[in-house]
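What follows is a single structure, written as structure tokens, with notes after it.
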Amino acid sequence: MKKLLFLFAFSFITALTVGQTYAVVKSTDTPTPTPNNLEQQVSNLKDKIASRVAQLNLVDKRGIIGTVTDVTQTQITLSDLNGNIRFVDVDELTKFSSPTAKSNFGISDITKGSQVGVIGLYNKESRRILARFVDVQVNPVLISGAISDIDKTNYNLTVMTPDKKTYTISIENITKTVSYTKDGGVVKSGFSKNQVAERIVVEGFVDIKNANTIIASRIILFPDLTINPAILITKPADLQLQGTIVPSTGSGRKLTPLVK
Amino acid sequence: MKTEKILLSFVAVVVGLIVAGVGFYFYQSTKVLPPGKLASVKVNPPTPTLPPVYLSIDSPQDESVTSNKTVTVSGKTVPDATIVVSTDTADQVITPSTTGTFSTTVTIGSGENEIHILSIGANGLETQKTITVSYTTDNF
């Protein structure tokens, strides 16, 4: 029995030693181009392509408009049209422009509060834009509401919006006014055609001196459309109608308005 | 003998609980409260709210960059709406189809452009959306 065990142990140890020696000899062979090596190269290439595709999928071209809230030498922080904070990175390839620009307009000329448009590469992971173009611009605003007052002397309209804001609309020589009805479509109109409690859409630029004044570029009047229920303006015709009603005392005697 | 006592006490407790429960039920069902003790709950009728004007924009995608100066603006709103599509240079007034879908083309300028889409419902309510579309032919 002892002999048998010894024989078994000996053959096991011998087999292990031979196997290890063979493995060492095999690993010290000089590398020669084999099919396995080629497969490795193809695999590496595939990895590189996949990495590049992933990188391309991670970024896409985007353009945003916003108001500058902070600016450094390498980054612009914007509040976009939806009020979200956006981070814009700039590098040596970023081009800057402004309508009133000097020839060497750059990031140092961009100030807080100015409105800029940015076109660049948006990284979906970091949610940052690497800017390629940064343009300082002044964009028009669109105001929808109802006419609450007409100043025929100064050619101004007062427009109330559903959020209870009141704007003074300055009518200029360049202001184009049209009127829209479902039957007649868009027809040319003018300042004299404006009526209180009429629905109006104004596109124009905010006056630098007064944020509540809009210098109108284009006006569309909608005589057919109902004004927003949130805007409480009484039509002049209704006011005249109210004035003719003689109030009753309830006792049968009618009160008549005093006439001076 | 001891087991019988435990069993009997258990049965007695159960019967007692049932009798007490039935008695409490009858007491509650026959109880009459004087009108002064009754609490009055005043339910205010809900104030009628007008349905908001639905507006969704299918194209162009917000913040998209294009190399075409002509852009198709399409989307969906309420069928009885009047839609104003406004760019920096021009306005268009359109009406949607009976299903509420609408589509029109606008011309945009170089760089970043704002397209304002305003939908005014027949009830006077309105919804406005602004889309940023940028035009460039530069490769970057």
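Naming works like this for the structure tokens: A, B, ... for the chains as they're shown, residue 1 at the start of each chain, ligands 1 onward in shown order.
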
List the neighbours of Pro99 in chain A out to 12 Å using only C-alpha atoms; skip same-chain residues closer than 4 positions along the sequence, and give me the result as a PDB file with C-alpha atoms, in the first residue's frame.
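part-v8.pdb, freshly written:
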```
ATOM      1  CA  SER A 103     -11.818  94.292 -34.478  1.00  0.00           C
ATOM      2  CA  PHE A 105     -13.404  91.717 -29.582  1.00  0.00           C
ATOM      3  CA  GLN A 115     -27.299  88.884 -23.985  1.00  0.00           C
ATOM      4  CA  VAL A 116     -25.166  86.433 -25.950  1.00  0.00           C
ATOM      5  CA  VAL A 134     -19.979  83.659 -29.064  1.00  0.00           C
ATOM      6  CA  ASP A 135     -22.076  86.543 -30.398  1.00  0.00           C
ATOM      7  CA  VAL A 136     -23.246  89.470 -28.323  1.00  0.00           C
ATOM      8  CA  GLN A 137     -26.740  90.284 -29.538  1.00  0.00           C
ATOM      9  CA  VAL A 138     -29.913  92.163 -28.763  1.00  0.00           C
ATOM     10  CA  ASN A 139     -32.961  90.026 -29.431  1.00  0.00           C
TER      11      ASN A 139
END
```

Exercise. Hey, what's within 6 Å of range 55-67 of chain B if we count only C-alpha atoms and toss same-chain stuff fewer than 4 positions away? As a VMD selection string, please?
Worked result: (chain A and resid 62 to 64) or (chain B and resid 73 to 77 131 to 137)

Keeping only N, CA and C atoms, take the residues you just selected and write them out as a PDB file, in the first residue's frame.
```pdb
ATOM      1  N   ARG A  62     -24.836  72.511 -30.646  1.00  0.00           N
ATOM      2  CA  ARG A  62     -25.988  73.202 -30.088  1.00  0.00           C
ATOM      3  C   ARG A  62     -25.784  74.704 -30.116  1.00  0.00           C
ATOM      4  N   GLY A  63     -26.887  75.405 -30.142  1.00  0.00           N
ATOM      5  CA  GLY A  63     -26.845  76.864 -30.076  1.00  0.00           C
ATOM      6  C   GLY A  63     -27.793  77.350 -29.002  1.00  0.00           C
ATOM      7  N   ILE A  64     -27.322  78.197 -28.127  1.00  0.00           N
ATOM      8  CA  ILE A  64     -28.180  78.706 -27.052  1.00  0.00           C
ATOM      9  C   ILE A  64     -28.091  80.234 -26.987  1.00  0.00           C
TER      10      ILE A  64
ATOM     11  N   VAL B  73     -41.452  74.908 -39.074  1.00  0.00           N
ATOM     12  CA  VAL B  73     -41.970  74.941 -37.698  1.00  0.00           C
ATOM     13  C   VAL B  73     -43.274  74.141 -37.687  1.00  0.00           C
ATOM     14  N   SER B  74     -43.307  73.082 -36.921  1.00  0.00           N
ATOM     15  CA  SER B  74     -44.523  72.272 -36.849  1.00  0.00           C
ATOM     16  C   SER B  74     -44.786  71.861 -35.414  1.00  0.00           C
ATOM     17  N   GLY B  75     -46.032  71.553 -35.167  1.00  0.00           N
ATOM     18  CA  GLY B  75     -46.406  71.164 -33.805  1.00  0.00           C
ATOM     19  C   GLY B  75     -47.886  70.882 -33.693  1.00  0.00           C
ATOM     20  N   LYS B  76     -48.377  70.939 -32.474  1.00  0.00           N
ATOM     21  CA  LYS B  76     -49.793  70.634 -32.237  1.00  0.00           C
ATOM     22  C   LYS B  76     -50.342  71.574 -31.168  1.00  0.00           C
ATOM     23  N   THR B  77     -51.568  71.998 -31.373  1.00  0.00           N
ATOM     24  CA  THR B  77     -52.245  72.858 -30.399  1.00  0.00           C
ATOM     25  C   THR B  77     -53.745  72.561 -30.450  1.00  0.00           C
ATOM     26  N   ILE B 131     -38.196  78.953 -29.256  1.00  0.00           N
ATOM     27  CA  ILE B 131     -37.233  77.938 -29.684  1.00  0.00           C
ATOM     28  C   ILE B 131     -35.986  78.664 -30.198  1.00  0.00           C
ATOM     29  N   THR B 132     -34.828  78.169 -29.817  1.00  0.00           N
ATOM     30  CA  THR B 132     -33.573  78.723 -30.340  1.00  0.00           C
ATOM     31  C   THR B 132     -33.050  77.830 -31.456  1.00  0.00           C
ATOM     32  N   VAL B 133     -32.874  78.411 -32.624  1.00  0.00           N
ATOM     33  CA  VAL B 133     -32.312  77.675 -33.766  1.00  0.00           C
ATOM     34  C   VAL B 133     -31.126  78.462 -34.306  1.00  0.00           C
ATOM     35  N   SER B 134     -30.024  77.781 -34.495  1.00  0.00           N
ATOM     36  CA  SER B 134     -28.828  78.485 -34.963  1.00  0.00           C
ATOM     37  C   SER B 134     -28.460  78.055 -36.370  1.00  0.00           C
ATOM     38  N   TYR B 135     -28.020  79.028 -37.145  1.00  0.00           N
ATOM     39  CA  TYR B 135     -27.602  78.741 -38.516  1.00  0.00           C
ATOM     40  C   TYR B 135     -26.095  78.934 -38.636  1.00  0.00           C
ATOM     41  N   THR B 136     -25.438  77.902 -39.135  1.00  0.00           N
ATOM     42  CA  THR B 136     -24.008  78.023 -39.453  1.00  0.00           C
ATOM     43  C   THR B 136     -23.646  76.952 -40.500  1.00  0.00           C
ATOM     44  N   THR B 137     -22.696  77.302 -41.340  1.00  0.00           N
ATOM     45  CA  THR B 137     -22.218  76.328 -42.314  1.00  0.00           C
ATOM     46  C   THR B 137     -20.793  75.859 -41.948  1.00  0.00           C
TER      47      THR B 137
END
```

For this session: Pull out every residue of chain B sitting within 10 Å of chain A, counting only C-alpha atoms, and send them as JSON, numbers by chain.
Result: {"B": [50, 62, 63, 64, 65, 66, 81, 82, 84, 86, 87, 88, 89, 90, 91, 92, 93, 94, 95, 111, 112, 113, 114, 115, 116, 117, 118, 120, 121, 122, 123, 124, 125, 126, 127, 128, 129, 130, 131, 132, 133, 134, 135, 136, 138, 139, 140]}

For this session: Would you please extract all alpha helix (DSSP H) residues from range 10-190 of chain A, as assigned by DSSP on the backbone, and give them as a PyMOL selection string?
Result: chain A and resi 10-27+35-58

For this session: Using only C-alpha atoms, find the one residue out of A:Ile200, A:Leu130, A:Ile76, A:Asn212 that sits nearest to Thr94 in chain A.
Result: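 Nearest to Thr94 in chain A: A:Leu130.
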
For this session: Find the distance between CA of Val202 in chain A and CA of Val85 in chain B and write it in Å to one decimal.
Result: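 Calculated distance between CA of Val202 in chain A and CA of Val85 in chain B is 12.3 Å.
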
Exercise. With distances taken over only C-alpha atoms, which of B:Thr99, B:Gln28, B:Thr107, B:Ser40 is nearest to Thr72 in chain B?
Worked result: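 Ranked by minimum distance to Thr72 in chain B, first place goes to B:Thr107.
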
For this session: Can you list, as an MDAnalysis selection string, all residues belonging to range 93-131 of chain B that DSSP tags as strand (DSSP E)?
Result: chainID B and resid 93:94 101:107 111:120 126:131

Generate a file of the selected residues that holds N, CA and C atoms, formatted as a compact mmCIF listing (two decimals), in the first residue's frame.
```txt
# COMPACT_ATOMS: atom_id res chain seq x y z
N VAL B 93 -49.25 84.46 -39.29
CA VAL B 93 -50.43 84.07 -38.51
C VAL B 93 -51.07 82.89 -39.24
N ILE B 94 -51.20 81.78 -38.56
CA ILE B 94 -51.75 80.57 -39.19
C ILE B 94 -52.80 79.95 -38.28
N THR B 101 -52.97 70.06 -35.60
CA THR B 101 -51.59 70.10 -36.09
C THR B 101 -51.38 71.33 -36.98
N PHE B 102 -50.18 71.83 -36.97
CA PHE B 102 -49.85 72.99 -37.81
C PHE B 102 -48.42 72.86 -38.32
N SER B 103 -48.14 73.51 -39.43
CA SER B 103 -46.80 73.49 -40.00
C SER B 103 -46.63 74.71 -40.91
N THR B 104 -45.49 75.32 -40.81
CA THR B 104 -45.17 76.46 -41.67
C THR B 104 -43.65 76.56 -41.79
N THR B 105 -43.19 77.31 -42.77
CA THR B 105 -41.73 77.49 -42.91
C THR B 105 -41.37 78.94 -42.63
N VAL B 106 -40.24 79.11 -41.99
CA VAL B 106 -39.74 80.45 -41.68
C VAL B 106 -38.29 80.55 -42.14
N THR B 107 -37.86 81.77 -42.37
CA THR B 107 -36.46 81.99 -42.76
C THR B 107 -35.72 82.57 -41.56
N GLY B 111 -26.26 82.83 -37.47
CA GLY B 111 -26.05 82.77 -36.03
C GLY B 111 -27.25 82.25 -35.27
N GLU B 112 -27.44 82.75 -34.06
CA GLU B 112 -28.50 82.25 -33.19
C GLU B 112 -29.79 83.02 -33.45
N ASN B 113 -30.91 82.29 -33.55
CA ASN B 113 -32.21 82.90 -33.82
C ASN B 113 -33.22 82.43 -32.79
N GLU B 114 -34.11 83.33 -32.42
CA GLU B 114 -35.24 82.94 -31.57
C GLU B 114 -36.48 82.85 -32.44
N ILE B 115 -37.22 81.75 -32.31
CA ILE B 115 -38.51 81.64 -32.98
C ILE B 115 -39.58 81.60 -31.89
N HIS B 116 -40.47 82.60 -31.92
CA HIS B 116 -41.55 82.66 -30.92
C HIS B 116 -42.80 82.03 -31.53
N ILE B 117 -43.41 81.12 -30.81
CA ILE B 117 -44.67 80.50 -31.27
C ILE B 117 -45.71 80.78 -30.20
N LEU B 118 -46.77 81.49 -30.61
CA LEU B 118 -47.82 81.88 -29.68
C LEU B 118 -49.13 81.26 -30.16
N SER B 119 -49.78 80.53 -29.29
CA SER B 119 -51.07 79.93 -29.63
C SER B 119 -52.15 80.59 -28.78
N ILE B 120 -53.14 81.19 -29.47
CA ILE B 120 -54.23 81.88 -28.77
C ILE B 120 -55.51 81.06 -28.97
N GLU B 126 -53.82 81.78 -23.74
CA GLU B 126 -52.72 81.66 -24.69
C GLU B 126 -51.52 80.93 -24.08
N THR B 127 -50.71 80.34 -24.94
CA THR B 127 -49.46 79.72 -24.52
C THR B 127 -48.38 80.13 -25.51
N GLN B 128 -47.23 80.51 -24.96
CA GLN B 128 -46.13 80.95 -25.82
C GLN B 128 -44.90 80.08 -25.58
N LYS B 129 -44.23 79.71 -26.66
CA LYS B 129 -42.97 78.96 -26.55
C LYS B 129 -41.92 79.62 -27.42
N THR B 130 -40.70 79.59 -26.95
CA THR B 130 -39.59 80.17 -27.72
C THR B 130 -38.55 79.09 -27.98
N ILE B 131 -38.20 78.95 -29.26
CA ILE B 131 -37.23 77.94 -29.68
C ILE B 131 -35.99 78.66 -30.20
```

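For the pair CA of Thr67 in chain A and CA of Phe87 in chain A, the interatomic distance is 11.6 Å.
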
Exercise. Suppose you want the space between CA of Ala146 in chain A and CA of Ile233 in chain A; what is it in Å?
Worked result: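 These atoms are spaced 8.0 Å apart.
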
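The smallest atom-to-atom distance between Ile214 in chain A and any of A:Asn154, A:Ser98, A:Thr69, A:Thr166, using only C-alpha atoms, is found for A:Thr166.
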
For this session: Could you tell me which of A:Gln73, A:Thr100, A:Leu78, A:Leu232 comes closest to Ser148 in chain A if we count only C-alpha atoms?
Result: A:Leu232
